[in-house]
$ cat structure29.cif   # mmCIF, C-alpha atoms
data_run
#
loop_
_atom_site.label_atom_id
_atom_site.label_comp_id
_atom_site.auth_asym_id
_atom_site.auth_seq_id
_atom_site.Cartn_x
_atom_site.Cartn_y
_atom_site.Cartn_z
CA MET A 447 -19.47 -18.23 67.94
CA GLU A 448 -19.33 -16.02 64.84
CA GLU A 449 -22.31 -13.95 63.89
CA ALA A 450 -23.71 -14.41 60.44
CA GLY A 451 -23.58 -11.37 58.22
CA PRO A 452 -26.48 -9.95 56.25
CA SER A 453 -27.91 -12.25 53.67
CA GLN A 454 -26.62 -11.67 50.14
CA PRO A 455 -29.15 -11.19 47.37
CA ARG A 456 -29.56 -14.03 44.93
CA GLY A 457 -27.68 -13.55 41.65
CA TRP A 458 -25.01 -11.32 43.21
CA ASP A 459 -21.61 -11.99 41.63
CA GLN A 460 -19.07 -12.05 44.41
CA GLN A 461 -16.07 -12.52 42.10
CA ASP A 462 -16.70 -9.44 39.95
CA PRO A 463 -17.98 -6.58 42.12
CA GLU A 464 -16.75 -3.96 39.65
CA ALA A 465 -19.21 -5.25 37.07
CA LEU A 466 -22.12 -3.99 39.18
CA ILE A 467 -23.48 -0.61 38.18
CA ASP A 468 -25.44 1.42 40.61
CA ASP A 469 -28.93 2.08 39.35
CA GLN A 470 -28.81 5.53 40.88
CA ASP A 471 -25.60 6.49 38.97
CA PRO A 472 -26.56 8.05 35.60
CA GLN A 473 -22.92 8.24 34.46
CA GLY A 474 -22.46 4.52 35.05
CA GLU A 475 -25.57 3.72 33.03
CA GLU A 476 -24.44 5.97 30.18
CA ALA A 477 -21.00 4.36 30.15
CA ALA A 478 -22.57 0.90 30.09
CA ASP A 479 -24.88 1.84 27.21
CA LEU A 480 -21.98 3.32 25.25
CA SER A 481 -19.86 0.21 25.81
CA ALA A 482 -22.68 -2.05 24.67
CA PHE A 483 -23.24 0.09 21.56
CA GLN A 484 -19.54 -0.05 20.69
CA ARG A 485 -19.46 -3.83 21.02
CA GLU A 486 -22.53 -4.21 18.85
CA TYR A 487 -21.56 -1.80 16.06
CA GLU A 488 -17.76 -1.87 16.30
CA ASP A 489 -17.24 -3.10 12.74
CA ASP A 490 -20.37 -1.53 11.25
CA HIS A 491 -19.59 1.47 9.04
CA SER A 492 -22.80 1.52 7.04
CA TRP A 493 -22.87 5.33 6.95
CA GLU A 494 -19.79 5.27 4.71
CA GLN A 495 -21.84 3.54 2.01
CA LEU A 496 -24.38 6.35 1.70
CA GLN A 497 -24.33 8.41 -1.48
CA GLU A 498 -26.07 11.63 -2.44
CA ASP A 499 -27.18 13.02 -5.76
CA GLU A 500 -26.73 16.60 -6.96
CA HIS A 501 -29.79 17.68 -4.94
CA GLY A 502 -28.53 16.20 -1.67
CA HIS A 503 -30.94 13.25 -1.68
CA LEU A 504 -29.83 9.76 -0.78
CA ARG A 505 -29.59 7.35 -3.68
CA ALA A 506 -28.87 3.69 -4.18
CA ILE A 507 -25.25 2.61 -4.36
CA ASP A 508 -24.04 2.32 -7.93
CA MET A 509 -21.28 -0.26 -8.15
CA ARG A 510 -20.19 0.98 -11.55
CA GLU A 511 -19.64 4.52 -10.30
CA GLU A 512 -17.51 3.18 -7.47
CA GLN A 513 -15.47 1.10 -9.89
CA ARG A 514 -14.99 4.08 -12.21
CA ALA A 515 -13.65 6.13 -9.30
CA LYS A 516 -11.12 3.41 -8.47
CA ARG A 517 -10.01 3.20 -12.12
CA LYS A 518 -8.94 6.84 -12.10
CA ARG A 519 -5.70 5.94 -10.32
CA LEU A 520 -4.93 3.28 -12.93
CA LEU A 521 -5.65 5.66 -15.79
CA SER A 522 -3.47 8.41 -14.31
CA ALA A 523 -0.58 5.97 -13.86
CA ALA A 524 -0.86 4.72 -17.42
CA MET A 525 -1.15 8.20 -18.89
CA SER A 526 2.10 9.23 -17.19
CA ALA A 527 4.15 6.51 -18.87
CA ARG A 528 6.47 9.05 -20.48
CA ILE A 529 7.30 10.69 -17.15
CA ARG A 530 10.73 10.00 -15.75
CA ARG A 531 10.67 7.84 -12.62
CA GLY A 532 13.28 6.56 -10.24
CA MET A 533 13.98 2.84 -10.03
CA ILE A 534 16.13 2.99 -6.89
CA ARG A 535 14.30 4.74 -4.05
CA TYR A 536 15.32 5.41 -0.46
CA LEU A 537 12.20 6.07 1.61
CA GLN A 538 12.00 7.03 5.28
CA VAL A 539 8.55 6.54 6.82
CA VAL A 540 7.97 8.87 9.80
CA VAL A 541 5.08 7.68 11.98
CA ASP A 542 3.39 9.87 14.59
CA LEU A 543 2.92 7.86 17.81
CA SER A 544 2.10 10.76 20.09
CA ARG A 545 -0.92 10.81 22.39
CA ALA A 546 -3.02 11.82 19.36
CA ALA A 547 -2.39 8.34 17.91
CA SER A 548 -4.40 6.77 20.75
CA ILE A 549 -7.64 8.54 19.75
CA GLN A 550 -10.33 6.03 18.84
CA ASP A 551 -11.95 7.77 15.87
CA MET A 552 -10.38 4.94 13.84
CA ARG A 553 -10.85 1.36 14.96
CA PRO A 554 -9.44 0.40 17.36
CA ASN A 555 -7.31 3.58 17.42
CA ARG A 556 -5.21 5.65 15.06
CA ALA A 557 -1.95 3.87 15.93
CA ALA A 558 -3.36 0.43 15.14
CA ALA A 559 -4.99 1.71 11.95
CA MET A 560 -1.71 3.24 10.77
CA ALA A 561 0.19 0.04 11.58
CA SER A 562 -2.29 -2.09 9.66
CA VAL A 563 -2.03 0.12 6.58
CA LEU A 564 1.76 0.33 6.81
CA VAL A 565 2.11 -3.46 6.89
CA SER A 566 0.31 -3.68 3.55
CA PHE A 567 2.23 -0.67 2.24
CA ILE A 568 5.64 -2.12 3.09
CA ARG A 569 4.91 -5.34 1.22
CA GLU A 570 3.47 -3.46 -1.76
CA PHE A 571 6.41 -1.04 -1.77
CA PHE A 572 9.00 -3.79 -2.10
CA ASP A 573 6.86 -5.65 -4.59
CA GLN A 574 6.79 -2.65 -6.92
CA ASN A 575 10.27 -1.37 -6.04
CA PRO A 576 12.48 -4.41 -5.51
CA LEU A 577 15.70 -2.38 -5.79
CA SER A 578 14.67 0.21 -3.18
CA HIS A 579 15.29 0.59 0.55
CA LEU A 580 12.97 1.66 3.37
CA GLY A 581 13.35 2.77 6.97
CA ILE A 582 10.96 3.65 9.81
CA ILE A 583 11.17 6.55 12.27
CA ILE A 584 8.62 7.15 15.04
CA MET A 585 7.75 10.38 16.85
CA ARG A 586 6.60 10.33 20.48
CA ASN A 587 7.35 12.08 23.79
CA GLY A 588 8.75 15.07 21.90
CA ARG A 589 11.56 13.00 20.36
CA SER A 590 12.19 10.92 17.27
CA GLU A 591 13.38 7.32 17.44
CA ARG A 592 14.91 5.27 14.66
CA LEU A 593 12.83 2.11 14.57
CA SER A 594 14.62 0.41 11.65
CA GLU A 595 17.55 1.29 9.42
CA LEU A 596 17.32 1.61 5.67
CA SER A 597 17.12 -1.94 4.32
CA ALA A 598 15.33 -4.08 1.75
CA SER A 599 13.83 -6.62 4.15
CA PRO A 600 10.05 -6.12 4.47
CA GLU A 601 9.54 -8.64 7.29
CA PHE A 602 12.22 -6.94 9.38
CA HIS A 603 10.37 -3.60 9.18
CA ILE A 604 6.99 -5.22 9.85
CA ASN A 605 8.21 -7.01 12.99
CA LYS A 606 9.81 -3.83 14.32
CA LEU A 607 6.64 -1.83 13.69
CA ARG A 608 4.28 -4.31 15.32
CA SER A 609 6.39 -4.48 18.49
CA ASN A 610 6.59 -0.69 19.00
CA LEU A 611 3.09 0.80 18.95
CA ASP A 612 3.07 2.50 22.37
CA ALA A 613 1.73 6.05 21.98
CA GLY A 614 2.36 8.97 24.31
CA GLY A 615 3.58 12.54 24.64
CA ASP A 616 3.78 15.14 21.90
CA ALA A 617 4.93 14.85 18.30
CA SER A 618 8.00 16.73 17.09
CA LEU A 619 7.91 17.04 13.32
CA MET A 620 11.20 18.91 13.34
CA ASN A 621 13.07 16.07 15.05
CA GLY A 622 11.48 13.53 12.71
CA LEU A 623 12.45 15.47 9.58
CA ASP A 624 16.00 16.09 10.83
CA MET A 625 16.59 12.41 11.54
CA ALA A 626 15.12 11.37 8.19
CA VAL A 627 17.17 13.93 6.22
CA ASP A 628 20.38 13.03 8.09
CA SER A 629 19.95 9.38 7.14
CA LEU A 630 19.39 10.30 3.47
CA LYS A 631 22.35 12.66 3.07
CA ALA A 632 24.82 9.93 2.20
CA ILE A 633 22.62 8.36 -0.48
CA PRO A 634 24.34 8.31 -3.91
CA SER A 635 23.18 10.69 -6.59
CA TYR A 636 21.33 7.99 -8.52
CA GLY A 637 19.07 7.27 -5.53
CA HIS A 638 15.78 9.10 -5.02
CA ARG A 639 15.41 10.43 -1.47
CA GLU A 640 11.88 10.47 -0.08
CA VAL A 641 10.21 11.04 3.29
CA LEU A 642 6.63 9.97 4.04
CA VAL A 643 5.10 11.42 7.21
CA LEU A 644 1.95 9.98 8.83
CA PHE A 645 0.87 12.81 11.14
CA ALA A 646 -1.92 12.16 13.66
CA ALA A 647 -1.64 15.31 15.78
CA LEU A 648 -2.80 18.86 15.15
CA SER A 649 0.38 20.53 16.42
CA THR A 650 4.08 19.90 16.68
CA CYS A 651 6.35 20.52 19.69
CA ASP A 652 9.75 21.47 18.25
CA PRO A 653 13.01 22.55 19.92
CA GLY A 654 13.75 25.15 17.23
CA ASN A 655 12.57 26.67 13.98
CA ILE A 656 11.00 23.95 11.84
CA GLN A 657 11.45 26.13 8.76
CA ASP A 658 15.17 25.31 8.92
CA SER A 659 14.38 21.60 8.75
CA VAL A 660 12.21 22.15 5.67
CA LYS A 661 15.00 24.14 4.00
CA SER A 662 17.50 21.40 4.86
CA ALA A 663 15.27 18.79 3.23
CA GLN A 664 14.97 21.00 0.16
CA GLN A 665 18.72 21.54 -0.06
CA HIS A 666 19.46 17.82 0.16
CA LYS A 667 16.80 17.06 -2.50
CA CYS A 668 14.54 15.08 -0.18
CA ARG A 669 10.93 14.82 -1.30
CA VAL A 670 8.66 15.15 1.75
CA SER A 671 5.05 13.94 1.56
CA CYS A 672 2.59 14.11 4.44
CA ILE A 673 -0.67 12.35 5.25
CA GLY A 674 -2.78 13.82 8.05
CA LEU A 675 -5.22 11.83 10.14
CA ALA A 676 -7.06 14.67 11.91
CA ALA A 677 -7.18 17.90 9.90
CA GLU A 678 -5.00 19.99 7.63
CA VAL A 679 -1.86 21.37 9.29
CA HIS A 680 -0.14 24.32 7.65
CA ILE A 681 3.44 23.19 8.28
CA CYS A 682 2.72 19.80 6.70
CA ARG A 683 1.37 21.40 3.55
CA LEU A 684 4.28 23.84 3.46
CA SER A 685 6.80 20.99 3.78
CA ALA A 686 5.20 19.14 0.89
CA GLN A 687 5.02 22.23 -1.33
CA GLU A 688 8.60 23.33 -0.71
CA THR A 689 10.09 19.89 -1.40
CA GLY A 690 7.86 18.80 -4.30
CA GLY A 691 5.85 16.23 -2.32
CA THR A 692 2.13 15.68 -1.83
CA TYR A 693 -0.17 16.30 1.11
CA GLY A 694 -3.55 14.79 1.91
CA VAL A 695 -5.89 14.37 4.87
CA ALA A 696 -7.52 10.99 5.43
CA LEU A 697 -11.30 11.00 5.78
CA GLY A 698 -11.38 7.46 7.17
CA GLU A 699 -9.54 4.17 7.28
CA LYS A 700 -10.26 3.35 3.65
CA HIS A 701 -9.22 6.78 2.43
CA MET A 702 -6.03 6.62 4.51
CA GLU A 703 -5.18 3.30 2.88
CA GLU A 704 -5.67 4.81 -0.58
CA LEU A 705 -3.44 7.79 0.27
CA VAL A 706 -0.67 5.61 1.67
CA MET A 707 -0.83 3.07 -1.15
CA GLY A 708 -0.53 5.93 -3.63
CA HIS A 709 3.13 6.25 -2.57
CA ALA A 710 4.01 2.66 -3.51
CA PRO A 711 4.62 3.40 -7.22
CA PRO A 712 7.67 5.59 -7.86
CA PRO A 713 6.73 9.27 -8.13
CA PRO A 714 7.79 11.48 -11.06
CA SER A 715 11.34 12.70 -10.67
CA ARG A 716 12.82 15.98 -11.78
CA ALA A 717 16.03 16.07 -13.79
CA ALA A 718 17.64 18.37 -11.22
CA ASP A 719 16.98 15.99 -8.33
CA SER A 720 18.90 12.98 -9.60
CA ALA A 721 21.40 12.57 -12.38
CA ALA A 722 21.21 9.64 -14.77
CA SER A 723 24.20 7.38 -14.20
CA LEU A 724 25.24 3.78 -14.51
CA VAL A 725 25.03 1.70 -11.35
CA ARG A 726 27.35 -1.24 -10.83
CA MET A 727 25.45 -4.32 -9.70
CA GLY A 728 26.31 -7.92 -9.06
CA PHE A 729 24.29 -11.09 -9.63
CA PRO A 730 25.29 -13.52 -6.87
CA GLN A 731 24.87 -17.27 -6.91
CA ARG A 732 22.72 -19.04 -4.34
CA ARG A 733 24.45 -21.55 -2.10
CA PRO A 734 22.81 -24.93 -1.44
CA GLU A 735 20.89 -25.31 1.79
CA GLY A 736 21.57 -28.06 4.27
CA SER A 737 23.58 -28.94 7.35
CA ASP A 738 26.74 -29.29 5.26
CA SER A 739 26.56 -25.68 4.04
CA MET A 740 26.27 -23.91 7.40
CA ALA A 741 28.30 -20.69 7.48
CA LEU A 742 28.50 -17.30 9.17
CA ILE A 743 26.42 -15.07 6.89
CA GLY A 744 25.97 -11.32 6.80
CA LYS A 745 27.34 -8.43 8.78
CA GLU A 746 26.04 -9.91 12.04
CA CYS A 747 27.80 -13.24 11.30
CA THR A 748 24.65 -15.32 11.80
CA LEU A 749 25.08 -19.07 11.47
CA LEU A 750 22.76 -20.03 8.61
CA SER A 751 22.58 -22.39 5.69
CA GLY A 752 22.27 -21.24 2.11
CA GLY A 753 22.71 -17.56 1.38
CA PHE A 754 24.18 -15.80 -1.65
CA THR A 755 27.82 -15.33 -2.65
CA CYS A 756 29.01 -11.90 -3.73
CA PRO A 757 30.69 -12.21 -7.18
CA ARG A 758 33.34 -9.59 -6.31
CA CYS A 759 34.62 -10.47 -2.83
CA LEU A 760 32.91 -13.88 -2.28
CA ALA A 761 31.27 -12.68 0.93
CA LEU A 762 27.99 -14.27 2.01
CA VAL A 763 24.73 -12.30 2.29
CA PRO A 764 21.44 -13.74 3.62
CA GLU A 765 18.95 -12.26 1.12
CA LEU A 766 18.43 -10.28 -2.06
CA PRO A 767 18.34 -7.45 -2.92
CA SER A 768 20.97 -6.08 -0.56
CA SER A 769 24.39 -4.45 -0.45
CA CYS A 770 27.50 -6.46 0.23
CA HIS A 771 28.71 -5.66 3.75
CA VAL A 772 32.36 -6.09 2.65
CA CYS A 773 32.75 -4.38 -0.74
CA GLY A 774 29.46 -2.42 -0.89
CA LEU A 775 28.37 -3.89 -4.25
CA THR A 776 24.63 -3.82 -4.90
CA LEU A 777 23.44 -7.42 -5.19
CA VAL A 778 20.24 -8.19 -7.12
CA SER A 779 18.69 -10.94 -9.21
CA SER A 780 17.35 -10.75 -12.76
CA PRO A 781 13.66 -10.91 -11.67
CA HIS A 782 14.22 -7.82 -9.53
CA LEU A 783 15.38 -5.84 -12.55
CA ALA A 784 12.51 -7.13 -14.67
CA ARG A 785 9.92 -6.10 -12.07
CA SER A 786 11.43 -2.63 -11.82
CA TYR A 787 10.90 -1.82 -15.50
CA HIS A 788 7.12 -2.15 -15.61
CA HIS A 789 6.79 1.43 -14.28
CA LEU A 790 8.73 2.67 -17.31
CA PHE A 791 6.74 0.64 -19.86
CA PRO A 792 3.22 0.15 -18.48
CA ILE A 793 0.52 -1.49 -20.54
CA LYS A 794 -2.06 0.74 -22.15
CA PRO A 795 -5.18 1.58 -20.15
CA PHE A 796 -8.22 -0.45 -21.10
CA VAL A 797 -11.18 1.41 -22.54
CA GLU A 798 -14.57 1.15 -20.86
CA VAL A 799 -17.29 -0.06 -23.22
CA SER A 800 -21.06 -0.02 -22.97
CA ALA A 801 -23.38 -3.00 -22.91
CA ASP A 802 -24.43 -2.31 -26.52
CA ALA A 803 -20.84 -2.52 -27.72
CA VAL A 804 -20.38 -5.82 -25.90
CA THR A 805 -23.60 -7.17 -27.46
CA GLN A 806 -22.48 -6.15 -30.95
CA ALA A 807 -19.12 -7.84 -30.45
CA MET A 808 -20.89 -10.95 -29.22
CA ALA A 809 -22.82 -11.14 -32.49
CA ALA A 810 -19.62 -11.11 -34.54
CA PRO A 811 -18.77 -14.52 -36.02
CA ASN A 812 -15.12 -14.51 -34.88
CA THR A 813 -15.47 -13.21 -31.36
CA GLN A 814 -12.86 -14.97 -29.25
CA GLN A 815 -14.77 -14.70 -25.98
CA ARG A 816 -17.53 -16.98 -27.24
CA LEU A 817 -16.91 -20.21 -25.36
CA GLN A 818 -19.74 -22.05 -27.12
CA ALA A 819 -21.35 -21.50 -30.49
CA ASN A 820 -24.89 -21.57 -29.09
CA ASP A 821 -24.14 -19.48 -26.02
CA SER A 822 -25.92 -16.14 -25.76
CA SER A 823 -23.44 -14.58 -23.32
CA ILE A 824 -19.99 -13.10 -23.52
CA TRP A 825 -17.30 -13.87 -20.97
CA CYS A 826 -14.25 -12.19 -19.50
CA TYR A 827 -11.18 -13.46 -21.33
CA SER A 828 -9.20 -13.76 -18.10
CA CYS A 829 -11.56 -15.21 -15.44
CA SER A 830 -14.46 -16.42 -17.67
CA SER A 831 -17.07 -14.49 -15.70
CA ASN A 832 -20.26 -13.37 -17.41
CA LEU A 833 -19.97 -9.74 -18.52
CA ILE A 834 -23.61 -9.19 -19.48
CA GLN A 835 -25.74 -11.01 -16.93
CA PRO A 836 -24.84 -10.89 -13.23
CA ASP A 837 -24.53 -14.00 -11.12
CA GLU A 838 -27.85 -14.41 -9.34
CA ALA A 839 -26.44 -17.04 -6.99
CA ASP A 840 -23.85 -14.59 -5.61
CA ASN A 841 -26.29 -11.66 -5.68
CA THR A 842 -23.87 -9.51 -7.66
CA GLU A 843 -24.44 -6.78 -10.19
CA ALA A 844 -22.94 -6.38 -13.64
CA GLY A 845 -19.91 -4.16 -13.24
CA VAL A 846 -17.71 -2.12 -15.55
CA VAL A 847 -16.61 -3.86 -18.76
CA VAL A 848 -13.32 -2.79 -20.37
CA ARG A 849 -11.59 -3.68 -23.61
CA CYS A 850 -7.91 -3.87 -24.50
CA PRO A 851 -7.12 -1.38 -27.31
CA ASP A 852 -4.52 -3.72 -28.86
CA CYS A 853 -6.04 -7.19 -28.89
CA GLY A 854 -9.69 -6.07 -28.66
CA LEU A 855 -10.63 -8.59 -25.95
CA PHE A 856 -13.03 -7.83 -23.09
CA PHE A 857 -12.24 -7.99 -19.37
CA CYS A 858 -14.15 -7.43 -16.15
CA TYR A 859 -13.26 -4.78 -13.59
CA ASP A 860 -11.44 -7.14 -11.22
CA CYS A 861 -9.23 -8.52 -13.97
CA ASP A 862 -8.55 -4.99 -15.20
CA SER A 863 -7.25 -4.03 -11.74
CA TYR A 864 -5.19 -7.20 -11.43
CA ILE A 865 -3.63 -6.79 -14.88
CA HIS A 866 -2.58 -3.16 -14.32
CA GLU A 867 -1.56 -3.43 -10.66
CA SER A 868 0.05 -6.87 -10.37
CA LEU A 869 0.42 -8.74 -13.67
CA HIS A 870 1.56 -5.83 -15.89
CA ASN A 871 0.87 -7.89 -19.03
CA CYS A 872 -2.30 -8.30 -21.05
CA PRO A 873 -3.26 -12.01 -21.30
CA GLY A 874 -5.03 -11.40 -24.60
CA CYS A 875 -2.03 -9.72 -26.22
CA GLU A 876 0.26 -12.47 -24.98
CA ALA A 877 -2.06 -15.16 -26.35
CA VAL A 878 -2.45 -13.44 -29.70
CA GLY A 879 1.30 -12.96 -29.97
CA THR A 880 1.90 -16.62 -29.14
CA GLU A 881 -0.54 -17.74 -31.83
CA GLU A 882 1.09 -15.47 -34.42
CA ARG A 883 4.56 -16.78 -33.58
CA PHE A 884 3.27 -20.35 -33.79
CA ASP A 885 1.72 -19.71 -37.21
CA ASP A 886 4.97 -18.15 -38.46
CA ALA A 887 6.94 -21.16 -37.22
CA VAL A 888 4.54 -23.54 -39.01
CA LYS A 889 4.89 -21.58 -42.26
CA MET A 890 8.67 -21.69 -41.99
CA VAL A 891 8.60 -25.46 -41.49
CA GLU A 892 6.29 -25.93 -44.45
#

$ encode --input "structure29.cif" --output "structure tokens"
Amino acid sequence: MEEAGPSQPRGWDQQDPEALIDDQDPQGEEAADLSAFQREYEDDHSWEQLQEDEHGHLRAIDMREEQRAKRKRLLSAAMSARIRRGMIRYLQVVVDLSRAASIQDMRPNRAAAMASVLVSFIREFFDQNPLSHLGIIIMRNGRSERLSELSASPEFHINKLRSNLDAGGDASLMNGLDMAVDSLKAIPSYGHREVLVLFAALSTCDPGNIQDSVKSAQQHKCRVSCIGLAAEVHICRLSAQETGGTYGVALGEKHMEELVMGHAPPPPSRAADSAASLVRMGFPQRRPEGSDSMALIGKECTLLSGGFTCPRCLALVPELPSSCHVCGLTLVSSPHLARSYHHLFPIKPFVEVSADAVTQAMAAPNTQQRLQANDSSIWCYSCSSNLIQPDEADNTEAGVVVRCPDCGLFFCYDCDSYIHESLHNCPGCEAVGTEERFDDAVKMVE
């Protein structure tokens, strides 16, 4: 007959004994409190919203000041319209996945934060540079690994990046630079060679003199830019200065995103770095999709339907833009060329106007924003939002109001950002031009 053991206290969880914390263990209680605090305030970054005046006192958040700070990047891009820029870029992104990337000062850690920003950056890079190529190199365990070759497929790079986020070991900036420069040596003279380094560590473990790698990048006309996640590192700043790149240290996730996204538009190019030359390109025809048009497409000979036919050698490629794997001809479409020219001819920056100027324009008899004759408000020409009075239902404030210098129409801050970053055309100027052309056509008919 078996003896019964000691009676178990009521409420004791037999399936999860590790969840019990000894009341006499102060370290266990502190760990439990810290874990509960992290779960409660994991996504709360309210301290980032605090602002101080010139005397160091906390003040209320001014939405207009924040919008003016974001418009500085748009104004700087528009003011540099006469600067020479490269349309065909070859960019190698070097990502630090050493043990420093597993630090949790960014949520959930630095590696995940970098991956999230890079996913948005890759899509934005190919949206603004449709004729360019990008590759990814990672640094971990004292070595550099080529994650993806130079190509123009954003989804290919994103899938490779998301499946290789294991961090460990030390970072070797020398190995990363050498691999990036070696892959950019064979780029033609019309291509702009760039290296973007996301460095999470405070030191680099190199097998030799890293100064030689910086000199090699300078000799091969590779522009090296670095973004630090911890603190300023001297060798990163030196690499950027010697090669004509930029260097910045991220203060947080939002600041890191701004620094990385700043490399999406093509940077100014020096005349000595790349010579102006004609590039031979082909405009292939798209094959019909269906079971009847299945063929072996691309260098890997993948059985697919559709695809594009090279006009020179009639080889099949799966997507555009790309290079023909048989004759090496650059294959693009006309929309790709059109989207590449907006950096060379950007629209003029809109001018910020005060509330009094908007009110005076509203009183004019021929103001085009007036949707109704008896309306006492003025509206954004693009989204029809009220520019004077905020929307009380959405609990929003009146933001920055801007005006196009050509057509004279008013726009809100959100439409200003969308027009300069994505649309690259002023809706008011297009509408005014359409009306003028219509009037001229009517006069010719009459």

$ closest_atom_pairs --input "structure29.cif" --of "segment 659-691 of chain A" --to "segment 600-624 of chain A" --cutoff "9 Å" --atoms "only C-alpha atoms" --output "Markdown table"
| residue | atom | partner | partner_atom | distance |
| --- | --- | --- | --- | --- |
| A:Ser659 | CA | A:Asp624 | CA | 6.1 |
| A:Val660 | CA | A:Leu623 | CA | 7.7 |
| A:Ser662 | CA | A:Asp624 | CA | 8.1 |
| A:Ala663 | CA | A:Leu623 | CA | 7.7 |
| A:Val670 | CA | A:Leu623 | CA | 8.7 |
| A:Cys682 | CA | A:Leu619 | CA | 8.9 |

$ write_last_selection --input "structure29.cif" --atoms "C-alpha atoms" --output "compact mmCIF listing (two decimals), in the coordinates of the input"
# COMPACT_ATOMS: atom_id res chain seq x y z
CA SER A 659 14.38 21.60 8.75
CA VAL A 660 12.21 22.15 5.67
CA SER A 662 17.50 21.40 4.86
CA ALA A 663 15.27 18.79 3.23
CA VAL A 670 8.66 15.15 1.75
CA CYS A 682 2.72 19.80 6.70

$ atom_distance --input "structure29.cif" --atom1 "atom CA of His788 of chain A" --atom2 "atom CA of Gly694 of chain A"
26.6 Å

$ closest_residue --input "structure29.cif" --among "A:Pro713, A:Asp652, A:Asp852, A:Ile824" --to "Glu640 of chain A" --atoms "all atoms listed in the file"
A:Pro713

$ residues_around --input "structure29.cif" --residues "Gly698 of chain A" --least-positions-apart "4" --cutoff "9 Å" --atoms "only C-alpha atoms" --output "list in words"
Asp551, Met552, Leu675, Met702 and Glu703 of chain A

$ resolve_selection --input "structure29.cif" --expression "the PyMOL selection byres ((chain A and resi 757) around 7)" --output "VMD selection string"
chain A and resid 728 to 730 755 to 756 758 to 760

$ residues_around --input "structure29.cif" --residues "Val763 of chain A" --least-positions-apart "5" --cutoff "9 Å" --atoms "only C-alpha atoms" --output "PyMOL selection string"
chain A and resi 743-745+753-756+768-771

$ atom_distance --input "structure29.cif" --atom1 "atom CA of Arg553 of chain A" --atom2 "atom CA of Ser649 of chain A"
22.3 Å

$ axis_aligned_box --input "structure29.cif" --around "segment 608-616 of chain A" --padding-each-side "6 Å" --output "AutoDock Vina command-line options"
--center_x 4.2 --center_y 5.3 --center_z 20.0 --size_x 16.9 --size_y 31.6 --size_z 21.3

$ resolve_selection --input "structure29.cif" --expression "the PyMOL selection byres ((chain A and resi 529-543) around 8)" --output "PyMOL selection string"
chain A and resi 526-528+544-548+557+575+577-586+596+611-614+617+622-623+626+630+633+636-647+712-716+786-787+789-790

$ atom_distance --input "structure29.cif" --atom1 "atom CA of Gln664 of chain A" --atom2 "atom CA of His680 of chain A"
17.2 Å

$ resolve_selection --input "structure29.cif" --expression "the PyMOL selection byres ((chain A and resi 860-870) around 8)" --output "JSON, numbers by chain"
{"A": [517, 520, 788, 792, 793, 795, 796, 828, 829, 848, 857, 858, 859, 871, 872]}

$ closest_residue --input "structure29.cif" --among "A:Ala632, A:Ala559, A:Ser590, A:Asp658" --to "His701 of chain A" --atoms "all atoms listed in the file"
A:Ala559
